[in-house]
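Notes for the one structure printed next.
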Amino acid sequence: MIVRPTPLLEVNALKKHYPLNKGLFGGDKGAVYALDGVSFTLDKGETLSIVGESGCGKSTLGKTILRLVDPTDGEVFLDGERIDNLPASKLRDMRRRVQVVFQDPFSSLNPRQKVRDIIAEPIVNFGLAKGSELTDRIAALMDKVRLPRDAMNRFPHEFSGGQRQRIGIARALAPGSDLIVCDEAVSALDVSVKAQIVNLLSDLQDELGLALLFISHDLAIVEHLTHRVAVMYLGKIVEIADRRTLFGSPHHPYTRALLSAVPVPNPDPLLRKRRVILKGDVPSPINPPSGCRFHTRCPFVMDRCRSEEPMLRPVEGNVRQMSACHLDGVPEHG
Amino acid sequence: MSSWLFSGYAAAPDLPDVLPPRKARGKVAMFVHRYPTIVIGGVLLGLILAIAVLAPLLWTVDPTAIAPSKRTRAPSELYWFGTDMLGRDIYSRVLYGTRVSLTVGFAVAGVSSAIGLLIGLCAGFVRILDAVVMRIMDGLMSIPSILLAIALMALIGASVQNVVIAISVAEIPRVARLVRGVVLSLREQAYVEAAIASGTRVPNIIWRHILPNTLAPLIVQATFICASAMLAEATLSFIGAGTPPNIPSWGNIMAEGRALWQVKPFIVFFPAIFLSLTVLAVNLLGDGLRDALDPRLAKRI
């Protein structure tokens, strides 16, 4: 048995159900199953990307780990210490170590705060620096994210989208965090700026040993940046593997469909026939399908899929690739 | 080769102007050009404010001095706005009445904004309070505000202070609703979530992130409340439930001139003109502020 060091972040069977509005006279109307038993680990200095269609629970996962919403069930460990059930008063240490960069660089910065105050907020909150030391620290952070120092006394609306995202990253780095949740952090930027921010993130990761939880729907960016990928479908992880395995030999039919939906610069007419095109829409997370949640759209559906829910298991004995599918081996597309 | 670099001819000679040069606007001119309503409303309101403050110096006489022999005189050189049924000088009464209207307008705007802000913030942040407090506010709003004010005035007696209280009570629910709505939408903003994630405590979140972003709509609402409070004061005084008769106010003057309006219309006319102009000034100011403070146009500021 291989003894592995404690992962930085361990998520165990995490669930988040949003109860639907109960009527005036009670009556349970069910819930939205935004997260329904998600488990993974993330090591120090590693990037794990969470990919999936919109509405699959990616962002809820990030918010639950950040404790912006409370989980319904399950466990989250940070460095072996359980953080999902901490009372609000004891969250501060965890807040210092886990930070967030949001998607929209226009709504994630308070329009009435100066850049200096935005970046200073976490430092002051955790009492990490004061006075001139604080100013030095802010200046150092601005150097790190490659913003000019004289930007300190300006307001967010004076910056472009990419620069604003840099301010957001500086804020996330400010308290000396170990893990940054990037919730679609580059999705709202245009292509050239996107590349700059992604490169900045990976440089910072090398420099500071950050772990990144990179939530995205952009597979091209993910392939460029990540170490491991988890694919989510309707509140569950259907496949999790390291980058090369997932992009090279995906196992789960949903992963294969996602990958074949990525636009390629020079489509080979022969390969085009092998594109997997899914029929129908994502089922409602209010009433998820029985058995395998993907069975309503899966091209390889069997009777077993409709009744029995597949568990995440290693593919062909490879523990670096886990897939939740009843099929043995990588299915050939017919 | 290098000589031209230092010879002073490095720059091209000036080209003749194709278009006549535009006059650069000064900062004041820019502001006037951009926000004409703020300027007009502000100047008008400033004039009225000056009248209120300087009333004793503006050739007025004692507004309560009765002279039965000189009653209901038409406007003339001696009595600029004429005299009323008791021979009191309407010019003096209207100018002194400005004080009551402005006091009531500003006091109601201040009091109801402050209390409404507090209630709205609490309701927006504390789930349990929200339902209870907002239902009370709904209840208050379901009573026509002028009826509510009349009832309160009947209960607590006539004085300028009580007029302020009565109108404020009727206006508070409107502010509270506005603030609660703004707070609820601000709470969902990504920067508030980011602040929570970076360990900001709730009082600081309200102080740093919520409050500054509530002020713009609140200021705009306050100007409209100011205008409607002035109208409410005049209405209350007009029906005899507002400012006591010994203090001249526009509503009082109009109420007293009401019986004679067909034969001596000037008694009602002059206070009415002042009231309309004041309300117009405040509304213009509020309209301009709404445009200037709109966050979607924030980039222009």
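In the structure tokens, the first chain shown is A, the next is B, and so on; residue numbers restart at 1 for each chain, and ligands run from 1 in the order shown.
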Would you pick out the contacts of segment 237-251 of chain A at 6 Å or less, using only C-alpha atoms, so that residues sharing its chain but fewer than 6 positions from it are not included, and give the list as a ChimeraX atom specification? /A:227-231,320-324,330
How would the residues just picked look written out with C-alpha atoms as a PDB file, in the first residue's frame?
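Generated file (result-v7.pdb):
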ATOM      1  CA  HIS A 227      -2.901  18.567 -13.724  1.00  0.00           C
ATOM      2  CA  ARG A 228      -6.106  16.663 -13.194  1.00  0.00           C
ATOM      3  CA  VAL A 229      -9.660  16.991 -14.441  1.00  0.00           C
ATOM      4  CA  ALA A 230     -12.980  16.034 -12.902  1.00  0.00           C
ATOM      5  CA  VAL A 231     -16.001  15.887 -15.172  1.00  0.00           C
ATOM      6  CA  ARG A 320      -5.312   7.597 -11.808  1.00  0.00           C
ATOM      7  CA  GLN A 321      -8.465   7.279 -13.902  1.00  0.00           C
ATOM      8  CA  MET A 322     -11.763   6.782 -12.153  1.00  0.00           C
ATOM      9  CA  SER A 323     -15.012   6.565 -14.042  1.00  0.00           C
ATOM     10  CA  ALA A 324     -18.607   6.040 -12.978  1.00  0.00           C
ATOM     11  CA  VAL A 330     -13.214   2.062 -23.239  1.00  0.00           C
TER      12      VAL A 330
END
9 Å contacts from chain A to chain B using only C-alpha atoms, as a ChimeraX atom specification: /A:66-68,91-93,95-96,98-104,106-113,121-123,125-126,157-158,171-172,175
Using Å and a single decimal, report how far atom CA of Leu47 of chain B sits from atom CA of Leu289 of chain B. 18.8 Å
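Take the candidates A:Ser284, A:Ser290, A:Thr64, A:Ser216 and check each one against Ser49 of chain A using only C-alpha atoms; the shortest distance goes to A:Ser216.
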Got a sec to tell me which of segment 109-290 of chain A DSSP assigns to strand (DSSP E), as a ChimeraX atom specification? /A:179-183,211-216,228-233,236-242
Give me a file of those residues, with N, CA and C atoms, as an mmCIF file, in the first residue's frame.
data_model
loop_
_atom_site.group_PDB
_atom_site.id
_atom_site.type_symbol
_atom_site.label_atom_id
_atom_site.label_comp_id
_atom_site.auth_asym_id
_atom_site.auth_seq_id
_atom_site.Cartn_x
_atom_site.Cartn_y
_atom_site.Cartn_z
ATOM 1 N N LEU A 179 -5.001 27.705 -1.260
ATOM 2 C CA LEU A 179 -5.911 27.167 -2.272
ATOM 3 C C LEU A 179 -6.755 28.312 -2.822
ATOM 4 N N ILE A 180 -6.807 28.415 -4.133
ATOM 5 C CA ILE A 180 -7.667 29.423 -4.735
ATOM 6 C C ILE A 180 -8.697 28.725 -5.604
ATOM 7 N N VAL A 181 -9.961 29.018 -5.326
ATOM 8 C CA VAL A 181 -11.037 28.490 -6.153
ATOM 9 C C VAL A 181 -11.267 29.495 -7.277
ATOM 10 N N CYS A 182 -11.010 29.080 -8.508
ATOM 11 C CA CYS A 182 -11.219 29.980 -9.646
ATOM 12 C C CYS A 182 -12.539 29.611 -10.287
ATOM 13 N N ASP A 183 -13.574 30.369 -9.954
ATOM 14 C CA ASP A 183 -14.905 30.031 -10.448
ATOM 15 C C ASP A 183 -15.106 30.670 -11.819
ATOM 16 N N ALA A 211 -2.473 25.664 -4.670
ATOM 17 C CA ALA A 211 -3.354 24.686 -5.284
ATOM 18 C C ALA A 211 -4.513 25.453 -5.915
ATOM 19 N N LEU A 212 -4.918 25.026 -7.108
ATOM 20 C CA LEU A 212 -6.017 25.708 -7.779
ATOM 21 C C LEU A 212 -7.154 24.727 -7.999
ATOM 22 N N LEU A 213 -8.361 25.164 -7.649
ATOM 23 C CA LEU A 213 -9.545 24.420 -8.049
ATOM 24 C C LEU A 213 -10.149 25.238 -9.170
ATOM 25 N N PHE A 214 -9.972 24.764 -10.393
ATOM 26 C CA PHE A 214 -10.273 25.584 -11.551
ATOM 27 C C PHE A 214 -11.586 25.137 -12.157
ATOM 28 N N ILE A 215 -12.613 25.902 -11.880
ATOM 29 C CA ILE A 215 -13.947 25.548 -12.369
ATOM 30 C C ILE A 215 -14.144 26.201 -13.732
ATOM 31 N N SER A 216 -14.450 25.409 -14.741
ATOM 32 C CA SER A 216 -14.513 25.976 -16.085
ATOM 33 C C SER A 216 -15.363 25.124 -17.001
ATOM 34 N N ARG A 228 -5.055 17.680 -13.165
ATOM 35 C CA ARG A 228 -6.106 16.663 -13.194
ATOM 36 C C ARG A 228 -7.442 17.308 -13.548
ATOM 37 N N VAL A 229 -8.346 16.497 -14.028
ATOM 38 C CA VAL A 229 -9.660 16.991 -14.441
ATOM 39 C C VAL A 229 -10.748 16.129 -13.814
ATOM 40 N N ALA A 230 -11.796 16.769 -13.328
ATOM 41 C CA ALA A 230 -12.980 16.034 -12.902
ATOM 42 C C ALA A 230 -14.136 16.496 -13.772
ATOM 43 N N VAL A 231 -14.867 15.542 -14.321
ATOM 44 C CA VAL A 231 -16.001 15.887 -15.172
ATOM 45 C C VAL A 231 -17.278 15.698 -14.359
ATOM 46 N N MET A 232 -18.087 16.741 -14.325
ATOM 47 C CA MET A 232 -19.324 16.643 -13.543
ATOM 48 C C MET A 232 -20.537 16.567 -14.464
ATOM 49 N N TYR A 233 -21.517 15.796 -14.010
ATOM 50 C CA TYR A 233 -22.790 15.742 -14.721
ATOM 51 C C TYR A 233 -23.896 15.663 -13.685
ATOM 52 N N LYS A 236 -22.864 15.206 -9.968
ATOM 53 C CA LYS A 236 -21.971 14.093 -9.615
ATOM 54 C C LYS A 236 -20.726 14.143 -10.477
ATOM 55 N N ILE A 237 -19.630 13.599 -9.938
ATOM 56 C CA ILE A 237 -18.444 13.454 -10.771
ATOM 57 C C ILE A 237 -18.581 12.148 -11.540
ATOM 58 N N VAL A 238 -18.513 12.226 -12.877
ATOM 59 C CA VAL A 238 -18.640 10.987 -13.654
ATOM 60 C C VAL A 238 -17.274 10.426 -14.035
ATOM 61 N N GLU A 239 -16.273 11.305 -14.103
ATOM 62 C CA GLU A 239 -14.941 10.788 -14.411
ATOM 63 C C GLU A 239 -13.925 11.748 -13.838
ATOM 64 N N ILE A 240 -12.883 11.182 -13.259
ATOM 65 C CA ILE A 240 -11.800 12.025 -12.758
ATOM 66 C C ILE A 240 -10.486 11.348 -13.107
ATOM 67 N N ALA A 241 -9.586 12.092 -13.736
ATOM 68 C CA ALA A 241 -8.343 11.488 -14.198
ATOM 69 C C ALA A 241 -7.306 12.577 -14.387
ATOM 70 N N ASP A 242 -6.032 12.159 -14.533
ATOM 71 C CA ASP A 242 -5.053 13.186 -14.833
ATOM 72 C C ASP A 242 -5.240 13.644 -16.270
#
For the helix (DSSP H, G or I) assignment from backbone DSSP, which residues of segment 20-210 of chain A qualify? Please present them as a PyMOL selection string. chain A and resi 58-65+88-90+92-97+115-125+131-144+149-153+156-158+161-173+191-208
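With distances restricted to only C-alpha atoms, A:Ile221 is the closest residue to Val191 of chain A from A:Gln165, A:Arg149, A:Lys279, A:Ile221.
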Quick one: distance from atom CA of Thr214 of chain B to atom CA of Val182 of chain B in Å, one decimal?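 It comes out at 6.5 Å.
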What lies within 10 Å of Ser192 of chain A using only C-alpha atoms, ignoring chain neighbours under 4 positions off, as a ChimeraX atom specification? /A:162,196-197
Selection from above, C-alpha atoms, as a short mmCIF file (atom, residue, chain, number, x, y, z; two decimals), in the first residue's frame, can you write it?
data_model
loop_
_atom_site.label_atom_id
_atom_site.label_comp_id
_atom_site.auth_asym_id
_atom_site.auth_seq_id
_atom_site.Cartn_x
_atom_site.Cartn_y
_atom_site.Cartn_z
CA GLY A 162 -8.18 41.64 -17.63
CA GLN A 196 -2.44 36.11 -20.11
CA ILE A 197 -4.49 35.40 -17.00
#
Residue contacts of Gln205 of chain A (12 Å, only C-alpha atoms) excluding same-chain residues fewer than 6 positions away, as a PyMOL selection string: chain A and resi 44-47+144-145+169+173+177-180+198-199+211-213+225-227
